[in-house]
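Enquirer: File follows, structure_36.csv with CSV, C-alpha atoms:
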chain,number,residue,atom,x,y,z
A,264,MET,CA,-12.5,-15.5,13.6
A,265,GLY,CA,-10.1,-13.6,11.4
A,266,LEU,CA,-10.4,-9.8,10.9
A,267,ILE,CA,-11.7,-10.3,7.3
A,268,ASP,CA,-14.4,-12.6,8.6
A,269,TRP,CA,-15.3,-10.1,11.3
A,270,PHE,CA,-15.7,-7.3,8.8
A,271,ALA,CA,-17.6,-9.5,6.4
A,272,HIS,CA,-20.1,-10.5,9.2
A,273,LEU,CA,-20.4,-6.9,10.3
A,274,PHE,CA,-21.0,-5.7,6.7
A,275,VAL,CA,-23.8,-8.3,6.1
A,276,LYS,CA,-25.4,-7.2,9.3
A,277,GLU,CA,-25.1,-3.4,9.0
A,278,SER,CA,-24.7,-2.6,5.3
A,279,LYS,CA,-28.3,-1.6,4.8
A,280,HIS,CA,-27.5,1.6,6.6
A,281,TYR,CA,-24.7,2.8,4.4
A,282,VAL,CA,-24.0,4.0,0.9
A,283,TYR,CA,-21.0,2.6,-1.0
A,284,ALA,CA,-20.0,4.0,-4.3
A,285,PRO,CA,-16.9,4.3,-6.6
A,286,VAL,CA,-16.4,8.0,-7.2
A,287,THR,CA,-15.5,9.8,-10.4
A,288,SER,CA,-12.1,11.5,-10.3
A,289,GLU,CA,-9.4,12.7,-12.7
A,290,VAL,CA,-7.2,9.7,-11.8
A,291,GLU,CA,-6.4,7.6,-14.9
A,292,LYS,CA,-8.0,4.2,-14.5
A,293,ILE,CA,-5.6,1.2,-14.3
A,294,VAL,CA,-6.5,-2.4,-14.0
A,295,PHE,CA,-3.9,-4.0,-11.7
A,296,GLN,CA,-1.6,-6.4,-13.6
A,297,GLU,CA,0.1,-9.2,-11.7
A,298,GLY,CA,3.8,-8.6,-10.9
A,299,GLN,CA,3.7,-5.1,-12.5
A,300,HIS,CA,1.8,-2.8,-10.1
A,301,TYR,CA,2.0,-2.0,-6.4
A,302,PHE,CA,-1.2,-1.7,-4.4
A,303,ARG,CA,-1.7,0.8,-1.6
A,304,LEU,CA,-4.9,1.7,0.3
A,305,ARG,CA,-5.3,5.2,1.7
A,306,LEU,CA,-7.9,7.0,3.8
A,307,ALA,CA,-8.1,10.2,1.7
A,308,GLU,CA,-10.7,12.2,3.6
A,309,MET,CA,-13.1,11.9,6.5
A,310,PHE,CA,-16.2,13.9,7.5
A,311,LEU,CA,-17.9,13.7,10.9
A,312,LYS,CA,-21.2,15.3,11.2
A,313,ASN,CA,-22.0,17.4,14.2
A,314,ASP,CA,-22.3,14.8,16.9
A,315,ARG,CA,-20.6,16.1,20.0
A,316,LYS,CA,-20.9,12.9,22.1
A,317,LEU,CA,-18.5,11.3,19.6
A,318,PHE,CA,-15.6,13.0,21.4
A,319,ARG,CA,-17.1,13.6,24.8
A,320,LYS,CA,-18.1,9.9,25.5
A,321,TYR,CA,-16.5,8.0,22.7
A,322,VAL,CA,-13.3,7.7,20.8
A,323,PRO,CA,-13.6,7.5,17.0
A,324,VAL,CA,-11.4,4.8,15.5
A,325,VAL,CA,-10.8,4.0,11.8
A,326,SER,CA,-9.9,0.3,11.4
A,327,SER,CA,-9.2,-1.6,8.2
A,328,VAL,CA,-7.8,-4.9,7.0
A,329,VAL,CA,-6.6,-5.9,3.5
A,330,SER,CA,-6.2,-9.5,2.6
A,331,LEU,CA,-4.1,-10.3,-0.4
A,332,GLN,CA,-1.3,-12.6,-1.7
A,333,PHE,CA,2.1,-11.7,-0.4
A,334,GLY,CA,5.0,-14.0,-0.9
A,335,ALA,CA,3.9,-17.6,-0.3
A,336,ASN,CA,0.8,-16.5,1.7
A,337,ALA,CA,-2.3,-16.4,-0.5
A,338,ALA,CA,-4.3,-14.5,2.2
A,339,GLN,CA,-2.0,-12.2,4.1
A,340,GLU,CA,-4.0,-9.9,6.4
A,341,LEU,CA,-2.6,-6.4,6.7
A,342,PRO,CA,-4.4,-4.6,9.5
A,343,SER,CA,-4.5,-1.0,10.4
A,344,VAL,CA,-6.0,1.0,13.2
A,345,ALA,CA,-5.9,4.8,13.7
A,346,GLY,CA,-7.3,6.9,16.5
A,347,PRO,CA,-7.9,10.6,16.8
A,348,LEU,CA,-4.3,11.6,17.3
A,349,ALA,CA,-3.1,9.7,14.2
A,350,LEU,CA,-5.9,11.1,12.1
A,351,ASN,CA,-5.7,14.6,13.6
A,352,LEU,CA,-9.3,14.5,14.7
A,353,ASN,CA,-10.9,16.5,17.5
A,354,GLU,CA,-14.1,18.2,18.4
A,355,ASN,CA,-13.2,21.0,16.0
A,356,SER,CA,-13.3,18.4,13.2
A,357,LEU,CA,-17.0,18.0,13.5
A,358,GLY,CA,-18.9,19.4,10.5
A,359,LYS,CA,-15.6,19.7,8.5
A,360,GLY,CA,-13.9,17.6,6.0
A,361,VAL,CA,-10.5,16.4,7.2
A,362,GLN,CA,-8.0,15.7,4.4
A,363,LEU,CA,-5.7,12.9,5.4
A,364,ASN,CA,-4.2,10.8,2.6
A,365,TYR,CA,-3.4,8.4,5.5
A,366,SER,CA,-1.7,5.2,4.5
A,367,LEU,CA,-3.6,2.1,5.6
A,368,THR,CA,-1.2,-0.3,3.9
A,369,ASN,CA,2.4,-0.4,2.6
A,370,LEU,CA,3.2,-0.5,-1.1
A,371,VAL,CA,2.5,-4.2,-1.8
A,372,PRO,CA,3.2,-5.9,-5.1
A,373,TYR,CA,0.0,-7.1,-6.7
A,374,ARG,CA,0.3,-10.9,-7.2
A,375,GLY,CA,-3.2,-11.6,-8.5
A,376,GLY,CA,-5.7,-13.8,-6.7
A,377,ASN,CA,-8.3,-12.6,-4.3
A,378,VAL,CA,-8.0,-9.1,-2.7
A,379,SER,CA,-10.4,-8.2,0.1
A,380,ILE,CA,-10.7,-4.7,1.5
A,381,SER,CA,-12.6,-4.0,4.7
A,382,ALA,CA,-12.9,-0.8,6.7
A,383,ALA,CA,-15.0,0.7,9.5
A,384,LEU,CA,-15.5,3.9,11.5
A,385,LEU,CA,-16.2,2.7,15.0
A,386,ALA,CA,-16.8,4.7,18.2
A,387,TYR,CA,-15.6,3.2,21.5
A,388,MET,CA,-16.5,4.2,25.0
A,389,ASN,CA,-13.7,6.2,26.4
A,390,LYS,CA,-12.6,4.0,29.3
A,391,ASP,CA,-9.4,4.6,31.3
A,392,TYR,CA,-7.3,1.9,29.6
A,393,PHE,CA,-8.5,2.6,26.1
A,394,PRO,CA,-6.3,5.5,24.9
A,395,ALA,CA,-3.1,3.7,25.9
A,396,PHE,CA,-4.3,0.5,24.2
A,397,LEU,CA,-5.3,2.4,21.1
A,398,THR,CA,-1.9,4.1,20.9
A,399,LEU,CA,-0.1,0.7,21.1
A,400,ALA,CA,-2.3,-0.8,18.4
A,401,ASN,CA,-1.8,2.2,16.2
A,402,SER,CA,2.0,2.0,16.6
A,403,ILE,CA,2.0,-1.7,15.8
A,404,SER,CA,-0.1,-1.4,12.7
A,405,GLY,CA,1.9,1.7,11.6
A,406,LEU,CA,5.0,-0.4,11.3
A,407,LEU,CA,3.3,-2.3,8.4
A,408,THR,CA,3.0,0.9,6.3
A,409,ILE,CA,6.6,1.8,5.8
A,410,GLY,CA,9.8,0.1,4.6
A,411,GLN,CA,10.0,-3.5,3.6
A,412,LEU,CA,6.8,-5.3,4.5
A,413,SER,CA,8.5,-8.6,4.6
A,414,ALA,CA,10.8,-7.3,7.4
A,415,THR,CA,7.9,-6.1,9.5
A,416,LEU,CA,5.4,-8.8,9.0
A,417,LYS,CA,6.6,-10.5,12.2
A,418,VAL,CA,4.6,-7.8,14.1
A,419,ALA,CA,1.5,-8.6,12.0
A,420,GLU,CA,0.3,-11.3,14.4
A,421,SER,CA,0.6,-9.0,17.3
A,422,ALA,CA,-1.4,-6.3,15.4
A,423,VAL,CA,-4.1,-8.8,14.4
A,424,THR,CA,-4.4,-9.9,18.0
A,425,ALA,CA,-4.6,-6.4,19.3
A,426,LEU,CA,-7.1,-5.4,16.7
A,427,SER,CA,-9.2,-8.5,17.3
A,428,GLU,CA,-9.4,-7.6,21.0
A,429,LEU,CA,-10.2,-4.0,20.1
A,430,LEU,CA,-13.0,-4.9,17.7
A,431,ALA,CA,-14.5,-7.4,20.0
A,432,GLY,CA,-15.1,-4.7,22.7
A,433,GLY,CA,-18.7,-4.4,23.6
A,434,ASP,CA,-19.0,-0.7,24.3
A,435,ARG,CA,-19.0,0.7,20.7
A,436,ASP,CA,-21.2,2.4,18.1
A,437,ILE,CA,-20.8,1.4,14.5
A,438,HIS,CA,-20.9,4.5,12.3
A,439,LEU,CA,-19.7,3.2,8.9
A,440,VAL,CA,-18.6,-0.2,7.6
A,441,TYR,CA,-17.3,-1.4,4.2
A,442,HIS,CA,-16.3,-4.8,2.8
A,443,ASN,CA,-15.6,-5.8,-0.7
A,444,GLU,CA,-13.7,-8.6,-2.5
A,445,TYR,CA,-12.0,-8.5,-5.9
A,446,ALA,CA,-11.0,-11.4,-8.1
A,447,GLY,CA,-10.8,-12.2,-11.7
A,448,THR,CA,-11.7,-9.7,-14.5
A,449,GLY,CA,-14.9,-7.7,-15.1
A,450,ASN,CA,-15.4,-9.0,-18.6
A,451,LEU,CA,-15.3,-12.6,-17.3
A,452,GLY,CA,-17.9,-12.0,-14.6
A,453,GLY,CA,-15.4,-11.2,-11.9
A,454,SER,CA,-14.6,-8.0,-10.1
A,455,SER,CA,-11.2,-6.7,-11.2
A,456,LEU,CA,-9.2,-4.6,-8.9
A,457,GLN,CA,-8.7,-1.0,-10.2
A,458,ASN,CA,-7.3,2.1,-8.8
A,459,GLY,CA,-9.4,5.2,-7.9
A,460,TYR,CA,-11.6,6.4,-5.2
A,461,PHE,CA,-14.6,4.9,-3.3
A,462,ALA,CA,-16.7,6.4,-0.6
A,463,VAL,CA,-18.6,5.0,2.4
A,464,ILE,CA,-21.4,7.3,3.5
A,465,GLY,CA,-23.8,7.2,6.4
A,466,ALA,CA,-26.9,7.8,4.2
A,467,ASP,CA,-30.0,6.0,3.0
A,468,ALA,CA,-28.9,4.2,-0.1
A,469,GLY,CA,-32.4,4.4,-1.6
A,470,LYS,CA,-32.5,8.2,-1.3
A,471,PHE,CA,-28.9,9.2,-2.0
A,472,ASP,CA,-27.8,9.9,-5.6
A,473,THR,CA,-24.3,8.5,-5.9
A,474,GLY,CA,-24.1,9.7,-9.5
A,475,LYS,CA,-23.6,13.2,-8.2
A,476,LEU,CA,-20.4,12.4,-6.3
A,477,VAL,CA,-17.0,13.5,-7.6
A,478,VAL,CA,-13.5,13.8,-6.1
A,479,LYS,CA,-11.6,17.0,-6.5
A,480,ASN,CA,-8.2,17.5,-4.8
A,481,SER,CA,-8.7,14.3,-2.7
A,482,GLN,CA,-12.0,15.7,-1.3
A,483,LEU,CA,-15.5,14.4,-1.8
A,484,TYR,CA,-17.9,16.8,-3.6
A,485,TYR,CA,-21.6,16.5,-4.5
A,486,GLY,CA,-23.4,18.2,-7.4
A,487,ASP,CA,-25.0,18.1,-10.8
A,488,ASN,CA,-21.6,18.5,-12.5
A,489,PRO,CA,-18.0,18.7,-11.4
A,490,GLN,CA,-17.8,22.4,-12.0
A,491,SER,CA,-20.8,23.3,-9.7
A,492,ALA,CA,-20.3,20.5,-7.1
A,493,LYS,CA,-19.8,21.5,-3.5
A,494,PRO,CA,-18.0,19.6,-0.6
A,495,LEU,CA,-20.4,17.0,0.7
A,496,THR,CA,-21.7,17.7,4.2
A,497,GLY,CA,-24.4,16.5,6.5
A,498,TYR,CA,-23.2,12.8,6.6
A,499,ASP,CA,-20.5,10.8,8.3
A,500,TYR,CA,-18.3,9.5,5.5
A,501,MET,CA,-14.9,8.1,4.6
A,502,LEU,CA,-13.3,8.6,1.2
A,503,PHE,CA,-10.7,6.0,0.3
A,504,SER,CA,-8.2,5.8,-2.5
A,505,VAL,CA,-6.7,2.7,-4.1
A,506,GLU,CA,-3.3,3.5,-5.5
A,507,ALA,CA,-1.8,1.6,-8.4
A,508,ALA,CA,1.9,2.4,-8.6
A,509,LEU,CA,4.4,1.2,-11.2
A,510,TYR,CA,7.4,1.8,-9.0
A,511,ARG,CA,8.5,2.8,-5.5
A,512,ASP,CA,11.1,5.4,-4.4
A,513,ASP,CA,11.9,4.4,-0.8
A,514,PHE,CA,15.0,2.4,-1.5
A,515,ARG,CA,16.7,3.6,1.6
A,516,TYR,CA,15.0,0.7,3.4
A,517,PHE,CA,16.7,-1.8,1.1
A,518,THR,CA,20.2,-1.6,2.5
A,519,GLU,CA,20.8,-5.4,2.4
A,520,TYR,CA,21.6,-5.0,-1.3
A,521,ASN,CA,24.7,-3.2,-0.3
A,522,SER,CA,26.2,-6.5,0.9
A,523,LEU,CA,25.7,-8.0,-2.5
A,524,LEU,CA,27.7,-5.2,-4.0
A,525,TYR,CA,30.6,-5.5,-1.7
A,526,ALA,CA,30.8,-9.2,-1.9
A,527,ALA,CA,31.2,-8.9,-5.7
A,528,LEU,CA,33.8,-6.1,-5.4
A,529,GLU,CA,35.9,-8.2,-3.0
A,530,LYS,CA,36.0,-11.0,-5.5
A,531,GLY,CA,36.2,-8.8,-8.6
A,532,MET,CA,39.3,-6.9,-7.4
A,533,THR,CA,41.4,-10.0,-7.6
A,534,ASP,CA,39.5,-12.0,-10.3
A,535,LYS,CA,37.0,-10.2,-12.6
A,536,THR,CA,35.4,-13.4,-13.7
A,537,GLU,CA,34.7,-14.4,-10.1
A,538,GLY,CA,33.4,-11.0,-9.3
A,539,ASP,CA,31.1,-11.1,-12.4
A,540,ALA,CA,29.7,-14.4,-11.2
A,541,VAL,CA,29.0,-13.1,-7.7
A,542,ILE,CA,27.3,-9.9,-9.1
A,543,ARG,CA,25.1,-12.1,-11.4
A,544,ALA,CA,24.1,-14.2,-8.4
A,545,GLY,CA,23.4,-11.0,-6.5
A,546,MET,CA,21.1,-9.8,-9.3
A,547,LEU,CA,19.2,-13.1,-9.3
A,548,ALA,CA,18.8,-12.9,-5.5
A,549,ILE,CA,17.0,-9.5,-5.9
A,550,PHE,CA,14.3,-11.3,-8.0
A,551,LYS,CA,13.4,-13.3,-4.9
A,552,SER,CA,12.2,-10.2,-3.1
A,553,ASP,CA,8.6,-10.2,-2.0
A,554,ASP,CA,8.6,-6.4,-1.7
A,555,LEU,CA,9.4,-5.4,-5.3
A,556,THR,CA,7.6,-5.7,-8.6
A,557,TYR,CA,9.4,-7.0,-11.6
A,558,VAL,CA,10.0,-3.4,-12.8
A,559,ASP,CA,11.7,-2.5,-9.5
A,560,LYS,CA,13.6,-5.7,-9.3
A,561,THR,CA,15.0,-5.0,-12.7
A,562,ARG,CA,15.8,-1.4,-11.8
A,563,VAL,CA,17.6,-2.5,-8.6
A,564,ALA,CA,19.5,-5.2,-10.4
A,565,ALA,CA,20.6,-2.9,-13.2
A,566,ALA,CA,21.7,-0.3,-10.6
A,567,LEU,CA,23.7,-3.0,-8.8
A,568,LYS,CA,25.4,-4.0,-12.0
A,569,ALA,CA,26.2,-0.4,-12.9
A,570,GLU,CA,27.6,0.4,-9.5
A,571,TYR,CA,29.7,-2.7,-9.5
A,572,GLU,CA,31.3,-1.9,-12.8
A,573,GLU,CA,32.0,1.7,-12.0
A,574,ARG,CA,33.5,1.0,-8.5
A,575,LEU,CA,35.5,-1.9,-9.8
A,576,SER,CA,37.1,0.4,-12.4
A,577,LEU,CA,37.9,3.0,-9.7
A,578,LEU,CA,39.1,0.5,-7.1
A,579,GLY,CA,41.5,-1.3,-9.5
A,580,LYS,CA,44.5,0.3,-7.9
A,581,LEU,CA,43.2,0.0,-4.3
A,582,LYS,CA,43.7,-3.0,-2.0
A,583,SER,CA,40.2,-2.9,-0.5
A,584,SER,CA,36.6,-2.2,-1.6
A,585,GLY,CA,36.4,0.8,0.7
A,586,SER,CA,33.8,1.7,3.3
A,587,GLU,CA,30.2,0.6,2.7
A,588,ASP,CA,27.9,3.3,1.4
A,589,SER,CA,24.3,2.5,0.4
A,590,GLU,CA,23.6,6.0,-1.2
A,591,TRP,CA,24.2,4.5,-4.6
A,592,LEU,CA,20.8,2.7,-4.4
A,593,ASN,CA,18.9,5.9,-3.8
A,594,THR,CA,20.6,7.7,-6.7
A,595,ARG,CA,20.9,5.1,-9.4
A,596,VAL,CA,17.5,3.3,-9.1
A,597,PRO,CA,15.4,6.4,-9.6
A,598,ALA,CA,17.5,7.4,-12.6
A,599,ILE,CA,16.3,4.2,-14.4
A,600,ASN,CA,13.0,5.0,-16.2
A,601,PRO,CA,10.3,2.6,-15.0
A,602,GLU,CA,8.1,2.9,-18.1
A,603,THR,CA,11.0,2.1,-20.4
A,604,THR,CA,12.0,-0.8,-18.1
A,605,LEU,CA,8.5,-2.3,-18.3
A,606,THR,CA,8.5,-2.0,-22.1
A,607,ARG,CA,11.8,-3.9,-22.2
A,608,ILE,CA,10.8,-6.8,-19.9
A,609,SER,CA,7.2,-7.1,-21.0
A,610,PRO,CA,7.9,-9.9,-23.6
A,611,LEU,CA,9.3,-12.0,-20.8
A,612,LEU,CA,6.4,-11.2,-18.4
A,613,ASP,CA,3.9,-12.0,-21.1
A,614,ASN,CA,5.4,-15.4,-21.9
A,615,GLN,CA,3.1,-17.8,-20.2
A,616,THR,CA,5.7,-20.7,-20.6
A,617,LEU,CA,8.2,-19.0,-18.3
A,618,ASN,CA,8.3,-19.5,-14.5
A,619,ASP,CA,9.7,-16.9,-12.1
A,620,ALA,CA,13.2,-18.3,-12.2
A,621,ALA,CA,13.3,-18.2,-16.0
A,622,ILE,CA,12.0,-14.6,-16.1
A,623,ALA,CA,14.6,-13.5,-13.6
A,624,ASP,CA,17.4,-15.2,-15.6
A,625,GLY,CA,16.2,-13.7,-18.8
A,626,ILE,CA,16.1,-10.2,-17.3
A,627,VAL,CA,19.5,-10.5,-15.7
A,628,THR,CA,20.9,-11.6,-19.1
A,629,MET,CA,19.4,-8.5,-20.7
A,630,ILE,CA,21.1,-6.3,-18.0
A,631,VAL,CA,24.5,-8.1,-18.4
A,632,ASN,CA,24.2,-7.6,-22.2
A,633,GLY,CA,23.6,-3.9,-21.8
A,634,GLU,CA,20.0,-4.0,-23.0
A,635,ILE,CA,18.7,-2.5,-19.7
A,636,SER,CA,20.7,0.2,-17.9
The structure given in the file should be rewritten as C-alpha cells.

Expert:
Amino acid sequence: MGLIDWFAHLFVKESKHYVYAPVTSEVEKIVFQEGQHYFRLRLAEMFLKNDRKLFRKYVPVVSSVVSLQFGANAAQELPSVAGPLALNLNENSLGKGVQLNYSLTNLVPYRGGNVSISAALLAYMNKDYFPAFLTLANSISGLLTIGQLSATLKVAESAVTALSELLAGGDRDIHLVYHNEYAGTGNLGGSSLQNGYFAVIGADAGKFDTGKLVVKNSQLYYGDNPQSAKPLTGYDYMLFSVEAALYRDDFRYFTEYNSLLYAALEKGMTDKTEGDAVIRAGMLAIFKSDDLTYVDKTRVAAALKAEYEERLSLLGKLKSSGSEDSEWLNTRVPAINPETTLTRISPLLDNQTLNDAAIADGIVTMIVNGEIS
C-alpha cells in the first residue's frame, strides 16, 4: 500500500473526529496554472492542547505525503516526516501555538493533473529504537525540501520505505488526519488547486463554527470578525499553507548550467558562430529541466545568453575562458523580472497547438532576438 492510499484509508476511518476548513487570510487567491506556478506545502502552525502524556509516553510526529505530476511521473509521492526536534516541540509547547512555517515539500512546478495532499499528527510510543529511527526518517525526507528535487528524488524510495514502516507501527495514537485530492477546475465540477491556508482541528465538526476562523501572521485565530478574533486554543490543530510561487530564488543549486556557459565560451573564442550554436543548444537544454517553471527556464536561459555575450567580449584577447564561477547565475537571474517575463511568453504558453519543444524554441528565439533580457 502506497502512502497516499494509507492516508486515504485512515481519513475515511477517522475523519468523523476532525474539522477540516479552508481559512480566510490576506493572501491573494491564485488558481494554479500549469507550467506557470510552483507548488509548496508548509506546516504554518501547530497547537497541542494540555496533554502531558503526549511527551512523557509518546513522541508526536507530523507526517505528510503529496502526490503530483513531476517530470514523467504522473503520481510522484513526496513524503515528509518531522519529529519534536525538527518542529521545536517539547512539553513547554503544550497549550501554546507554535509558529513553524516548516516546509513539507520543495518548490515543485505545477504540471496539472491530480494533486493529493495528506497529513497527520500521530503519537508513537517512545520505545528505545524510535528516536534514532525518527531522526533518520526526518533527515531523508528533509533532503526532498531543498535544492533540485530531480537530483534528490533517488532518496525518495528510501523515505517512502522508512515512512511506511513508521506509519505501520502499532503503538500509536491518531490525533489528527487530513486527506484531499485536487483535479480539474471548480466551475467544471472539479476541485481546483488554490493557494492559501487550511486547518485540521481536533473538534466536533457539528459543533465547531469554521466561519469564525481567520489567519493572521501565519497563526490561527477564532472570533466573530478578524479585528476581535483571538488565537484559537483548547484543541489540537495543524495549520497548513499552500504556496503558489511564480519564481524561485535558490539558483545556487543549479551549478550544472555553468558547464553550458563554458562550453559555449570555449567555442566562441575561436569561432563566434560555433559558440552561438552551442549557447543556443544550452538554452534549449534548460527547457528540459523538471525543476523549473517556464518563467524560470526563460530567466535562466536569458541570463545564460547575457553572461555568454558579456564574457565573450571581455575574453576576446585571452587564450582561455578563465576559471569557472557560477555566481553569475545568482546575480543575473533575480535581476530579470518574472512578471514581465510571464507577460512576454504567455502567447506561446497559451497556444494550444504548440508542444513543449516548440514553446522552448520560440522562447529561445525571443531571447536571441533581444525581446527578453

Enquirer: Show me the residues close to (20.1, -2.2, -10.0) - anything with an atom within 10 Å, counting all atoms listed in the file - and format the list as a list in words.

Expert: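 Checking each residue against the 10 Å limit leaves Tyr520, Met546, Ile549, Asp559, Lys560, Thr561, Arg562, Val563, Ala564, Ala565, Ala566, Leu567, Lys568, Ala569, Glu570, Tyr571, Trp591, Leu592, Arg595, Val596, Pro597, Ile599, Ile630, Ile635 and Ser636 of chain A.
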
Enquirer: Pick out the closest residue to Asn632 of chain A from this set: A:Leu612, A:Val344, A:Arg543, A:Asn600. Count only C-alpha atoms.

Expert: A:Arg543

Enquirer: Which one is closest to Met388 of chain A: A:Phe318, A:Tyr460, A:Tyr484, A:Phe503? Count only C-alpha atoms.

Expert: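 Result for the nearest residue to Met388 of chain A: A:Phe318.
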
Enquirer: Could you list, as a list in words, every residue within 8 Å of Asn593 of chain A, counting all atoms listed in the file and ignoring same-chain residues fewer than 3 positions away?

Expert: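 The contact residues come out as Asp512, Asp513, Phe514, Arg515, Ser589, Glu590, Val596 and Pro597 of chain A.
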
Enquirer: Do you know which residues are at most 7 Å from Pro323 of chain A counting only C-alpha atoms, after dropping those on the same chain fewer than 2 positions away, and could you put them as JSON, numbers by chain?

Expert: {"A": [317, 321, 325, 346, 347, 384, 385, 386, 387]}

Enquirer: Under the rule that only C-alpha atoms are counted, which of A:Val282, A:Leu331, A:Ala345, A:Ala623 is the nearest residue to Glu444 of chain A?

Expert: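 When distances to Glu444 of chain A are compared using only C-alpha atoms, the smallest one comes from A:Leu331.
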
Enquirer: Could you work out how far atom CA of Tyr365 of chain A lies from atom CA of Leu509 of chain A, giving the answer in Å with one decimal?

Expert: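 Answer for the atom CA of Leu509 of chain A to atom CA of Tyr365 of chain A separation: 19.8 Å.
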
Enquirer: Could you work out how far atom CA of Tyr557 of chain A lies from atom CA of Leu611 of chain A, giving the answer in Å with one decimal?

Expert: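 Separating atom CA of Leu611 of chain A from atom CA of Tyr557 of chain A is a distance of 10.5 Å.
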
Enquirer: Do you have the atom CA of His442 of chain A-atom CA of Asp487 of chain A distance handy?

Expert: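 We find that atom CA of His442 of chain A and atom CA of Asp487 of chain A lie 28.0 Å from each other.
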
Enquirer: Which protein, DNA or RNA residues have an atom at most 7 Å from (-24.4, 8.8, 4.5), counting only C-alpha atoms? List them as a ChimeraX atom specification.

Expert: /A:281-282,464-467,498-500

Enquirer: Using all atoms listed in the file for the distances, tell me which of A:Ala548, A:Val505, A:Met532, A:Ala598 is nearest to Leu578 of chain A.

Expert: A:Met532
